$ cat upload_21.txt   # compact mmCIF, C-alpha atoms
# COMPACT_ATOMS: atom_id res chain seq x y z
CA MET A 1 166.36 49.92 -38.39
CA THR A 2 165.17 46.36 -39.09
CA GLU A 3 161.69 45.67 -37.75
CA SER A 4 161.62 43.66 -34.53
CA LEU A 5 160.46 40.07 -34.83
CA VAL A 6 160.18 39.44 -31.10
CA THR A 7 159.37 41.47 -28.03
CA VAL A 8 161.17 40.59 -24.82
CA VAL A 9 158.79 41.25 -21.92
CA ILE A 10 160.21 41.69 -18.42
CA PRO A 11 157.53 42.01 -15.71
CA SER A 12 159.19 43.67 -12.73
CA HIS A 13 158.54 44.99 -9.24
CA ASN A 14 161.04 46.52 -6.79
CA ARG A 15 164.12 44.61 -7.93
CA PRO A 16 166.43 47.25 -9.44
CA GLU A 17 169.66 45.24 -9.12
CA PHE A 18 168.13 42.09 -10.58
CA LEU A 19 166.36 44.03 -13.35
CA ALA A 20 169.65 45.66 -14.38
CA GLU A 21 171.27 42.22 -14.64
CA ALA A 22 168.33 40.85 -16.62
CA LEU A 23 168.48 43.74 -19.10
CA THR A 24 172.23 43.32 -19.47
CA SER A 25 171.72 39.66 -20.39
CA VAL A 26 169.12 40.64 -23.02
CA LEU A 27 171.35 43.25 -24.63
CA ALA A 28 174.16 40.68 -24.80
CA GLN A 29 172.12 38.42 -27.13
CA ASP A 30 173.70 37.42 -30.43
CA TYR A 31 170.30 38.00 -32.08
CA GLU A 32 169.34 41.64 -32.61
CA ARG A 33 165.81 41.83 -34.07
CA PHE A 34 164.12 42.41 -30.75
CA ALA A 35 162.40 45.09 -28.72
CA VAL A 36 162.23 45.11 -24.92
CA LEU A 37 159.18 45.96 -22.82
CA VAL A 38 159.71 46.39 -19.08
CA ALA A 39 156.32 46.10 -17.37
CA ASP A 40 156.85 47.76 -14.01
CA ASP A 41 154.21 47.01 -11.38
CA ALA A 42 154.28 50.40 -9.62
CA SER A 43 157.71 50.00 -8.03
CA ASP A 44 158.75 52.55 -5.42
CA TYR A 45 162.08 53.50 -7.04
CA ASP A 46 163.00 55.42 -10.20
CA VAL A 47 162.65 52.66 -12.79
CA ALA A 48 162.72 55.16 -15.66
CA SER A 49 166.23 56.29 -14.75
CA LEU A 50 167.45 52.71 -14.56
CA VAL A 51 166.04 51.92 -18.01
CA ALA A 52 167.38 55.18 -19.48
CA SER A 53 170.87 54.39 -18.14
CA PHE A 54 171.22 51.65 -20.75
CA GLY A 55 170.85 54.19 -23.55
CA ASP A 56 169.24 51.63 -25.86
CA PRO A 57 166.17 52.78 -27.87
CA ARG A 58 164.94 49.19 -28.09
CA ILE A 59 164.01 49.26 -24.39
CA ARG A 60 160.58 50.66 -23.56
CA LEU A 61 159.13 51.08 -20.08
CA HIS A 62 155.47 50.77 -19.13
CA ARG A 63 154.77 51.68 -15.53
CA HIS A 64 151.39 50.75 -14.03
CA ARG A 65 149.84 53.51 -11.98
CA ARG A 66 148.87 51.07 -9.25
CA ASN A 67 150.16 47.67 -8.24
CA LEU A 68 148.34 44.92 -10.16
CA GLY A 69 150.02 41.98 -8.51
CA MET A 70 152.53 39.64 -10.09
CA VAL A 71 150.18 37.45 -12.12
CA ALA A 72 148.12 40.30 -13.54
CA ASN A 73 151.33 42.11 -14.50
CA PHE A 74 152.61 38.99 -16.28
CA ARG A 75 149.32 38.73 -18.15
CA TRP A 76 149.48 42.38 -19.21
CA ALA A 77 153.08 42.01 -20.37
CA LEU A 78 152.38 38.91 -22.45
CA GLY A 79 149.35 40.50 -24.10
CA ALA A 80 150.87 43.91 -24.91
CA PRO A 81 153.31 43.13 -27.80
CA THR A 82 152.29 43.14 -31.47
CA THR A 83 155.38 41.32 -32.79
CA ARG A 84 155.25 37.78 -34.18
CA TYR A 85 156.94 36.35 -31.10
CA VAL A 86 156.99 37.17 -27.38
CA ALA A 87 159.88 36.15 -25.11
CA LEU A 88 159.38 36.16 -21.35
CA LEU A 89 162.18 36.98 -18.93
CA GLU A 90 161.45 37.28 -15.21
CA ASP A 91 163.26 40.23 -13.67
CA ASP A 92 165.36 38.02 -11.38
CA CYS A 93 166.47 35.59 -14.10
CA LEU A 94 169.08 35.73 -16.87
CA TRP A 95 169.65 34.55 -20.43
CA LEU A 96 172.73 33.08 -22.03
CA PRO A 97 173.81 35.00 -25.17
CA ASP A 98 172.45 32.51 -27.71
CA HIS A 99 169.03 31.97 -26.12
CA LEU A 100 166.93 34.32 -28.26
CA GLY A 101 168.61 33.38 -31.53
CA ASN A 102 168.16 29.66 -30.89
CA ALA A 103 164.51 30.19 -30.02
CA ILE A 104 163.61 32.29 -33.06
CA ARG A 105 165.40 29.97 -35.48
CA ALA A 106 163.56 26.96 -34.07
CA LEU A 107 160.16 28.67 -34.15
CA GLU A 108 160.70 29.83 -37.72
CA GLU A 109 161.64 26.28 -38.71
CA HIS A 110 158.59 24.77 -36.96
CA PRO A 111 155.55 27.01 -37.60
CA GLU A 112 153.28 24.38 -36.02
CA ALA A 113 154.88 24.89 -32.60
CA PRO A 114 153.10 27.31 -30.22
CA PHE A 115 156.18 27.87 -28.07
CA TYR A 116 159.84 27.14 -27.45
CA CYS A 117 161.58 26.33 -24.18
CA CYS A 118 165.05 25.21 -23.18
CA ALA A 119 166.98 23.69 -20.30
CA THR A 120 167.45 26.22 -17.51
CA GLU A 121 170.21 26.34 -14.91
CA VAL A 122 169.23 26.95 -11.28
CA PHE A 123 171.59 29.17 -9.27
CA GLY A 124 171.62 31.23 -6.07
CA ASP A 125 171.17 30.55 -2.35
CA GLY A 126 173.30 27.42 -2.61
CA ARG A 127 170.94 25.83 -5.14
CA SER A 128 171.92 24.09 -8.34
CA GLY A 129 170.31 21.89 -10.96
CA VAL A 130 168.62 22.03 -14.33
CA LEU A 131 164.93 22.69 -15.03
CA LYS A 132 163.48 20.85 -18.04
CA PRO A 133 160.45 18.73 -19.00
CA HIS A 134 160.82 15.77 -16.64
CA TRP A 135 159.86 13.16 -19.23
CA THR A 136 162.40 14.01 -21.92
CA THR A 137 165.81 12.46 -22.48
CA ALA A 138 166.51 14.50 -25.62
CA THR A 139 170.08 15.46 -26.43
CA THR A 140 169.12 17.61 -29.43
CA ILE A 141 166.19 19.92 -30.17
CA GLU A 142 162.93 17.97 -30.26
CA LEU A 143 159.19 18.54 -30.70
CA SER A 144 157.16 17.35 -27.73
CA ASP A 145 153.55 16.48 -28.65
CA TRP A 146 151.06 15.56 -25.91
CA ARG A 147 149.31 13.23 -28.36
CA GLU A 148 152.48 11.13 -28.35
CA THR A 149 153.59 11.49 -24.72
CA GLY A 150 150.05 11.47 -23.29
CA TYR A 151 148.78 14.48 -21.37
CA GLY A 152 149.38 12.74 -18.05
CA VAL A 153 152.92 14.13 -18.05
CA TRP A 154 151.36 17.56 -17.42
CA LEU A 155 149.53 16.38 -14.29
CA GLN A 156 152.63 16.20 -12.11
CA GLY A 157 151.57 19.46 -10.50
CA SER A 158 154.06 22.05 -11.69
CA PRO A 159 155.13 23.58 -15.00
CA PRO A 160 157.72 21.32 -16.64
CA MET A 161 159.77 24.25 -17.91
CA ALA A 162 161.06 27.54 -16.51
CA CYS A 163 159.11 30.71 -17.34
CA SER A 164 162.21 32.56 -18.46
CA SER A 165 163.00 29.93 -21.06
CA ILE A 166 159.66 30.47 -22.85
CA VAL A 167 159.50 32.17 -26.24
CA LEU A 168 156.02 31.91 -27.71
CA ARG A 169 154.14 32.61 -30.88
CA ARG A 170 151.91 35.61 -30.12
CA ALA A 171 149.03 34.12 -32.13
CA ALA A 172 149.01 31.13 -29.77
CA LEU A 173 147.71 33.36 -26.97
CA ALA A 174 144.31 33.66 -28.70
CA ASP A 175 141.51 32.22 -26.55
CA LEU A 176 143.85 31.47 -23.66
CA PHE A 177 142.11 31.09 -20.28
CA TRP A 178 144.23 33.34 -18.10
CA GLY A 179 142.78 32.21 -14.79
CA GLY A 180 139.97 34.59 -13.92
CA LYS A 181 139.90 37.26 -11.25
CA THR A 182 141.17 35.00 -8.49
CA TRP A 183 144.48 34.34 -10.30
CA PRO A 184 145.85 30.88 -9.42
CA TRP A 185 149.36 31.18 -7.96
CA CYS A 186 150.55 28.49 -10.42
CA GLN A 187 149.62 30.64 -13.41
CA ASP A 188 152.56 29.51 -15.56
CA TYR A 189 151.38 25.91 -15.18
CA LEU A 190 147.92 27.01 -16.37
CA TRP A 191 149.22 28.99 -19.36
CA TRP A 192 151.91 26.68 -20.71
CA GLY A 193 149.70 23.63 -20.20
CA GLN A 194 147.06 25.18 -22.45
CA LEU A 195 149.58 26.22 -25.09
CA ALA A 196 150.89 22.64 -25.20
CA LEU A 197 147.41 21.51 -26.25
CA LYS A 198 147.64 23.74 -29.34
CA GLY A 199 150.50 21.82 -30.92
CA PRO A 200 153.90 20.27 -30.31
CA PHE A 201 156.22 22.59 -28.41
CA ILE A 202 159.94 22.87 -29.07
CA TYR A 203 162.37 21.76 -26.37
CA ASN A 204 166.07 22.57 -26.60
CA PRO A 205 168.20 20.55 -24.13
CA ALA A 206 171.02 23.11 -24.39
CA LEU A 207 171.14 25.61 -21.52
CA GLY A 208 169.70 28.97 -22.56
CA ALA A 209 168.46 30.58 -19.33
CA ARG A 210 169.36 30.82 -15.65
CA TYR A 211 166.76 30.70 -12.86
CA ARG A 212 167.78 32.60 -9.73
CA TRP A 213 166.71 31.11 -6.39
CA HIS A 214 166.32 33.68 -3.60
CA ASP A 215 164.11 34.40 -0.63
CA SER A 216 161.72 36.76 -2.42
CA ASN A 217 160.77 34.73 -5.47
CA MET A 218 157.42 33.01 -5.81
CA THR A 219 158.81 29.47 -5.80
CA TYR A 220 160.56 30.08 -2.49
CA ALA A 221 157.52 31.73 -0.91
CA SER A 222 155.05 29.08 -2.11
CA ILE A 223 156.90 26.31 -0.24
CA PHE A 224 155.86 27.87 3.05
CA ARG A 225 152.20 28.33 2.14
CA ARG A 226 151.60 25.32 -0.09
CA TRP A 227 148.85 23.89 2.14
CA LYS A 228 146.80 27.03 1.58
CA LYS A 229 147.48 27.03 -2.16
CA MET A 230 146.54 23.39 -2.78
CA PRO A 231 142.99 24.24 -4.01
CA GLU A 232 144.51 26.55 -6.66
CA TRP A 233 146.97 23.86 -7.72
CA ARG A 234 144.18 21.28 -8.04
CA PHE A 235 141.96 23.78 -9.87
CA THR A 236 144.74 24.36 -12.39
CA MET A 237 145.36 20.63 -12.81
CA ARG A 238 141.61 20.01 -13.28
CA THR A 239 141.28 22.84 -15.81
CA LEU A 240 144.12 21.48 -17.91
CA ALA A 241 142.91 17.88 -17.64
CA ALA A 242 139.38 18.89 -18.68
CA ARG A 243 140.69 20.69 -21.76
CA ALA A 244 142.85 17.72 -22.71
CA TYR A 245 139.91 15.36 -22.17
CA ALA A 246 137.71 17.48 -24.45
CA LEU A 247 140.35 17.01 -27.17
CA GLY A 248 140.38 13.22 -26.75
CA GLY A 249 143.18 12.93 -24.21
CA LEU A 250 143.38 11.16 -20.83
CA ARG A 251 141.12 8.31 -21.89
CA ASP A 252 143.26 5.90 -19.81
CA LEU A 253 144.10 7.94 -16.74
CA ALA A 254 145.41 4.94 -14.80
CA ALA A 255 147.98 4.17 -17.49
CA GLU A 256 149.06 7.80 -17.87
CA THR A 257 149.58 8.26 -14.12
CA ARG A 258 151.26 4.90 -13.52
CA GLY A 259 154.50 5.49 -11.66
CA PHE A 260 153.42 8.85 -10.20
CA PRO A 261 154.72 9.42 -6.64
CA PRO A 262 152.00 8.79 -3.99
CA GLY A 263 151.64 12.46 -3.11
CA VAL A 264 151.15 13.48 -6.74
CA LEU A 265 148.85 10.60 -7.64
CA SER A 266 146.63 11.20 -4.62
CA ALA A 267 146.41 14.90 -5.55
CA VAL A 268 145.43 13.98 -9.12
CA VAL A 269 142.69 11.69 -7.80
CA VAL A 270 141.33 14.32 -5.41
CA SER A 271 141.44 16.97 -8.14
CA LEU A 272 139.76 14.95 -10.89
CA ALA A 273 137.12 13.33 -8.68
CA ALA A 274 135.72 16.78 -7.80
CA LEU A 275 132.22 18.01 -8.56
CA ASP A 276 133.30 20.26 -11.42
CA SER A 277 135.45 17.63 -13.14
CA PRO A 278 134.25 16.04 -16.42
CA ARG A 279 132.30 12.88 -15.61
CA GLY A 280 134.62 10.63 -17.57
CA LEU A 281 137.65 11.91 -15.67
CA ALA A 282 135.84 11.74 -12.33
CA ARG A 283 134.90 8.09 -12.94
CA GLN A 284 138.49 7.22 -13.78
CA ALA A 285 139.81 9.06 -10.71
CA ARG A 286 137.43 7.17 -8.42
CA ALA A 287 138.40 3.88 -10.08
CA ILE A 288 142.09 4.59 -9.34
CA PHE A 289 141.15 5.26 -5.72
CA GLU A 290 139.22 1.98 -5.39
CA ALA A 291 142.12 0.07 -6.93
CA GLN A 292 144.73 1.79 -4.75
CA ARG A 293 143.15 2.39 -1.36
CA GLY A 294 146.40 1.20 0.19
CA LEU A 295 148.05 4.38 -1.07
CA ALA A 296 146.51 6.10 1.95
CA ARG A 297 149.15 4.45 4.17
CA ASP A 298 151.94 6.38 2.47
CA PRO A 299 153.01 9.44 4.51
CA GLU A 300 153.17 11.55 1.32
CA CYS A 301 149.53 10.81 0.46
CA SER A 302 146.98 13.64 0.39
CA ILE A 303 145.01 14.07 3.63
CA HIS A 304 141.79 14.01 1.60
CA TYR A 305 142.74 10.67 0.04
CA ARG A 306 143.35 9.27 3.55
CA VAL A 307 140.01 10.57 4.76
CA ALA A 308 138.25 8.95 1.79
CA ALA A 309 139.97 5.64 2.55
CA HIS A 310 138.53 5.87 6.07
CA VAL A 311 134.98 7.13 5.44
CA GLY A 312 134.37 5.99 1.85
CA GLY A 313 135.07 6.99 -1.73
CA TRP A 314 131.99 9.25 -1.80
CA TYR A 315 134.07 11.83 0.11
CA LEU A 316 136.28 12.41 -2.92
CA THR A 317 133.43 14.20 -4.69
CA TYR A 318 133.47 16.91 -2.04
CA ALA A 319 137.09 16.87 -0.85
CA ASP A 320 138.27 19.71 -3.06
CA LEU A 321 135.28 21.83 -2.08
CA VAL A 322 136.17 21.32 1.59
CA SER A 323 139.74 22.38 0.82
CA ARG A 324 138.56 25.56 -0.92
CA LEU A 325 136.39 26.50 2.06
CA VAL A 326 139.28 26.00 4.49
CA ALA A 327 141.60 28.10 2.32
CA ARG A 328 138.85 30.69 1.65
CA TRP A 329 139.45 30.51 -2.07
CA ARG A 330 137.19 29.84 -5.01
CA PRO A 331 137.89 29.80 -8.73
CA ASP A 332 136.44 32.65 -10.76
CA PRO A 333 135.52 31.45 -14.27
CA ALA A 334 135.70 34.94 -15.76
CA HIS A 335 138.62 35.73 -18.08

$ encode --input "upload_21.txt" --output "structure tokens"
Amino acid sequence: MTESLVTVVIPSHNRPEFLAEALTSVLAQDYERFAVLVADDASDYDVASLVASFGDPRIRLHRHRRNLGMVANFRWALGAPTTRYVALLEDDCLWLPDHLGNAIRALEEHPEAPFYCCATEVFGDGRSGVLKPHWTTATTIELSDWRETGYGVWLQGSPPMACSSIVLRRAALADLFWGGKTWPWCQDYLWWGQLALKGPFIYNPALGARYRWHDSNMTYASIFRRWKKMPEWRFTMRTLAARAYALGGLRDLAAETRGFPPGVLSAVVVSLAALDSPRGLARQARAIFEAQRGLARDPECSIHYRVAAHVGGWYLTYADLVSRLVARWRPDPAH
């Protein structure tokens, strides 16, 4: 048997029907040099029997003895393979048959790229649309380099590509900050944003994956608790911005955030004006606030931005700390 070049990792928990569909879409790939690792997070059904029913020796199951939680399970799954490449497929999502082959060919052709992603179709629960980097208008495969686009495109507050479209170079995971013990809920934003700093990533505008919308996925659930998760979102944004700044990026924050919607821009200002933000970024964030105090009149503007417009810009230094205390959350710097 030819040695596998890529490991497909499928973190899963209590979704037998979805997992079966995901595995079926993997086995239908027109590329065959792959192994599959199902990382089961202590589900309460017989996952082993489901995996065995496919009768394919390329599929391996790892079952955690206790529930780690979604983010920790994703981290384990991404770090377990020893193959050159790692492809991530969420257990409720699907691949089109040419996804893996397109990804591996592109990564082999561009060894400088830390990861590959593609346009992803949204389906389920009456939803439709396409997930892709919001700044691109590419019609063919392109390399997207933050040194050319500016890193501001990553400060919009969510990952610009779907998790299940990601195929990454395993070596690119070295020295990744995974998020510490308090696991930010927007972990994919934290991970892909760091990988993008390691080199130009490959974007394929052709559909290669399908993102299923349903009432038990994280995106759906986060909508109803976003107020509580805002400190984690801002922490992630600040972490990525600080790393980009250390590499020479974001030297003109006002220019790179020009045109941002009021809600996003106000969140960027609150995030980067915080106590633990690099001084250069904090100064720029406060300068944007002073130049755009009128933004506070927009109904989409952050409550902290509005408070600062009322009591003074000094409040921005402490706004994110106040938010953390209200949400009872604090970042843990440990890996």

$ residues_around --input "upload_21.txt" --residues "Ala52 in chain A" --least-positions-apart "5" --cutoff "12 Å" --atoms "all atoms listed in the file" --output "ChimeraX atom specification"
/A:20,23,38,46-47,57-61

$ atom_distance --input "upload_21.txt" --atom1 "CA of Thr139 in chain A" --atom2 "CA of Val86 in chain A"
25.4 Å

$ residues_around --input "upload_21.txt" --residues "Ser164 in chain A" --least-positions-apart "3" --cutoff "7 Å" --atoms "all atoms listed in the file" --output "PyMOL selection string"
chain A and resi 88-90+93+209

$ closest_residue --input "upload_21.txt" --among "A:Leu275, A:Ile202, A:Ala87, A:Ala171" --to "Phe115 in chain A" --atoms "all atoms listed in the file"
A:Ile202

$ residues_around --input "upload_21.txt" --residues "range 260-274 of chain A" --least-positions-apart "4" --cutoff "6 Å" --atoms "only C-alpha atoms" --output "number ranges by chain"
A: 234, 238, 282, 285, 300-302, 316-317

$ residues_around --input "upload_21.txt" --residues "Cys186 in chain A" --least-positions-apart "6" --cutoff "9 Å" --atoms "only C-alpha atoms" --output "PyMOL selection string"
chain A and resi 158-159+229+232-233+236

$ closest_residue --input "upload_21.txt" --among "A:Leu155, A:Leu176, A:Leu207, A:Leu37" --to "Val122 in chain A" --atoms "all atoms listed in the file"
A:Leu207

$ residues_around --input "upload_21.txt" --residues "range 246-258 of chain A" --least-positions-apart "4" --cutoff "12 Å" --atoms "all atoms listed in the file" --output "PyMOL selection string"
chain A and resi 145-157+194+197-199+238-242+262-269+272-273+277-292

$ closest_residue --input "upload_21.txt" --among "A:Ala42, A:Ala162, A:Leu321, A:Ala77" --to "Tyr211 in chain A" --atoms "all atoms listed in the file"
A:Ala162

$ decode --input "upload_21.txt" --residues "range 92-111 of chain A" --atoms "N, CA and C atoms" --output "PDB file, in the first residue's frame"
ATOM      1  N   ASP A  92     -19.920  17.279  11.138  1.00  0.00           N
ATOM      2  CA  ASP A  92     -21.217  17.616  10.562  1.00  0.00           C
ATOM      3  C   ASP A  92     -21.092  18.260   9.180  1.00  0.00           C
ATOM      4  N   CYS A  93     -19.886  18.250   8.624  1.00  0.00           N
ATOM      5  CA  CYS A  93     -19.658  18.851   7.314  1.00  0.00           C
ATOM      6  C   CYS A  93     -19.284  17.778   6.288  1.00  0.00           C
ATOM      7  N   LEU A  94     -19.183  18.185   5.030  1.00  0.00           N
ATOM      8  CA  LEU A  94     -18.942  17.241   3.941  1.00  0.00           C
ATOM      9  C   LEU A  94     -17.913  17.797   2.969  1.00  0.00           C
ATOM     10  N   TRP A  95     -17.301  16.903   2.202  1.00  0.00           N
ATOM     11  CA  TRP A  95     -16.392  17.299   1.129  1.00  0.00           C
ATOM     12  C   TRP A  95     -16.967  16.908  -0.223  1.00  0.00           C
ATOM     13  N   LEU A  96     -16.652  17.705  -1.225  1.00  0.00           N
ATOM     14  CA  LEU A  96     -16.899  17.302  -2.600  1.00  0.00           C
ATOM     15  C   LEU A  96     -15.758  16.374  -3.032  1.00  0.00           C
ATOM     16  N   PRO A  97     -15.980  15.509  -4.015  1.00  0.00           N
ATOM     17  CA  PRO A  97     -14.999  14.453  -4.336  1.00  0.00           C
ATOM     18  C   PRO A  97     -13.600  14.920  -4.712  1.00  0.00           C
ATOM     19  N   ASP A  98     -13.459  16.134  -5.232  1.00  0.00           N
ATOM     20  CA  ASP A  98     -12.132  16.571  -5.679  1.00  0.00           C
ATOM     21  C   ASP A  98     -11.408  17.440  -4.661  1.00  0.00           C
ATOM     22  N   HIS A  99     -11.985  17.605  -3.468  1.00  0.00           N
ATOM     23  CA  HIS A  99     -11.408  18.528  -2.480  1.00  0.00           C
ATOM     24  C   HIS A  99      -9.975  18.168  -2.103  1.00  0.00           C
ATOM     25  N   LEU A 100      -9.764  16.927  -1.662  1.00  0.00           N
ATOM     26  CA  LEU A 100      -8.457  16.535  -1.147  1.00  0.00           C
ATOM     27  C   LEU A 100      -7.395  16.555  -2.248  1.00  0.00           C
ATOM     28  N   GLY A 101      -7.743  16.086  -3.416  1.00  0.00           N
ATOM     29  CA  GLY A 101      -6.789  16.093  -4.518  1.00  0.00           C
ATOM     30  C   GLY A 101      -6.375  17.496  -4.906  1.00  0.00           C
ATOM     31  N   ASN A 102      -7.345  18.412  -4.995  1.00  0.00           N
ATOM     32  CA  ASN A 102      -7.023  19.806  -5.314  1.00  0.00           C
ATOM     33  C   ASN A 102      -6.100  20.409  -4.268  1.00  0.00           C
ATOM     34  N   ALA A 103      -6.379  20.108  -3.003  1.00  0.00           N
ATOM     35  CA  ALA A 103      -5.585  20.675  -1.919  1.00  0.00           C
ATOM     36  C   ALA A 103      -4.144  20.181  -1.952  1.00  0.00           C
ATOM     37  N   ILE A 104      -3.953  18.880  -2.077  1.00  0.00           N
ATOM     38  CA  ILE A 104      -2.604  18.324  -2.054  1.00  0.00           C
ATOM     39  C   ILE A 104      -1.791  18.780  -3.259  1.00  0.00           C
ATOM     40  N   ARG A 105      -2.417  18.825  -4.427  1.00  0.00           N
ATOM     41  CA  ARG A 105      -1.692  19.311  -5.608  1.00  0.00           C
ATOM     42  C   ARG A 105      -1.238  20.762  -5.421  1.00  0.00           C
ATOM     43  N   ALA A 106      -2.093  21.580  -4.873  1.00  0.00           N
ATOM     44  CA  ALA A 106      -1.740  22.990  -4.667  1.00  0.00           C
ATOM     45  C   ALA A 106      -0.642  23.149  -3.626  1.00  0.00           C
ATOM     46  N   LEU A 107      -0.709  22.394  -2.546  1.00  0.00           N
ATOM     47  CA  LEU A 107       0.311  22.478  -1.500  1.00  0.00           C
ATOM     48  C   LEU A 107       1.661  21.957  -1.986  1.00  0.00           C
ATOM     49  N   GLU A 108       1.641  20.917  -2.801  1.00  0.00           N
ATOM     50  CA  GLU A 108       2.881  20.400  -3.367  1.00  0.00           C
ATOM     51  C   GLU A 108       3.501  21.419  -4.329  1.00  0.00           C
ATOM     52  N   GLU A 109       2.660  22.145  -5.039  1.00  0.00           N
ATOM     53  CA  GLU A 109       3.148  23.136  -5.997  1.00  0.00           C
ATOM     54  C   GLU A 109       3.666  24.399  -5.311  1.00  0.00           C
ATOM     55  N   HIS A 110       3.147  24.674  -4.102  1.00  0.00           N
ATOM     56  CA  HIS A 110       3.530  25.898  -3.385  1.00  0.00           C
ATOM     57  C   HIS A 110       4.040  25.532  -1.990  1.00  0.00           C
ATOM     58  N   PRO A 111       5.291  25.094  -1.878  1.00  0.00           N
ATOM     59  CA  PRO A 111       5.827  24.658  -0.579  1.00  0.00           C
ATOM     60  C   PRO A 111       5.940  25.785   0.443  1.00  0.00           C
TER      61      PRO A 111
END
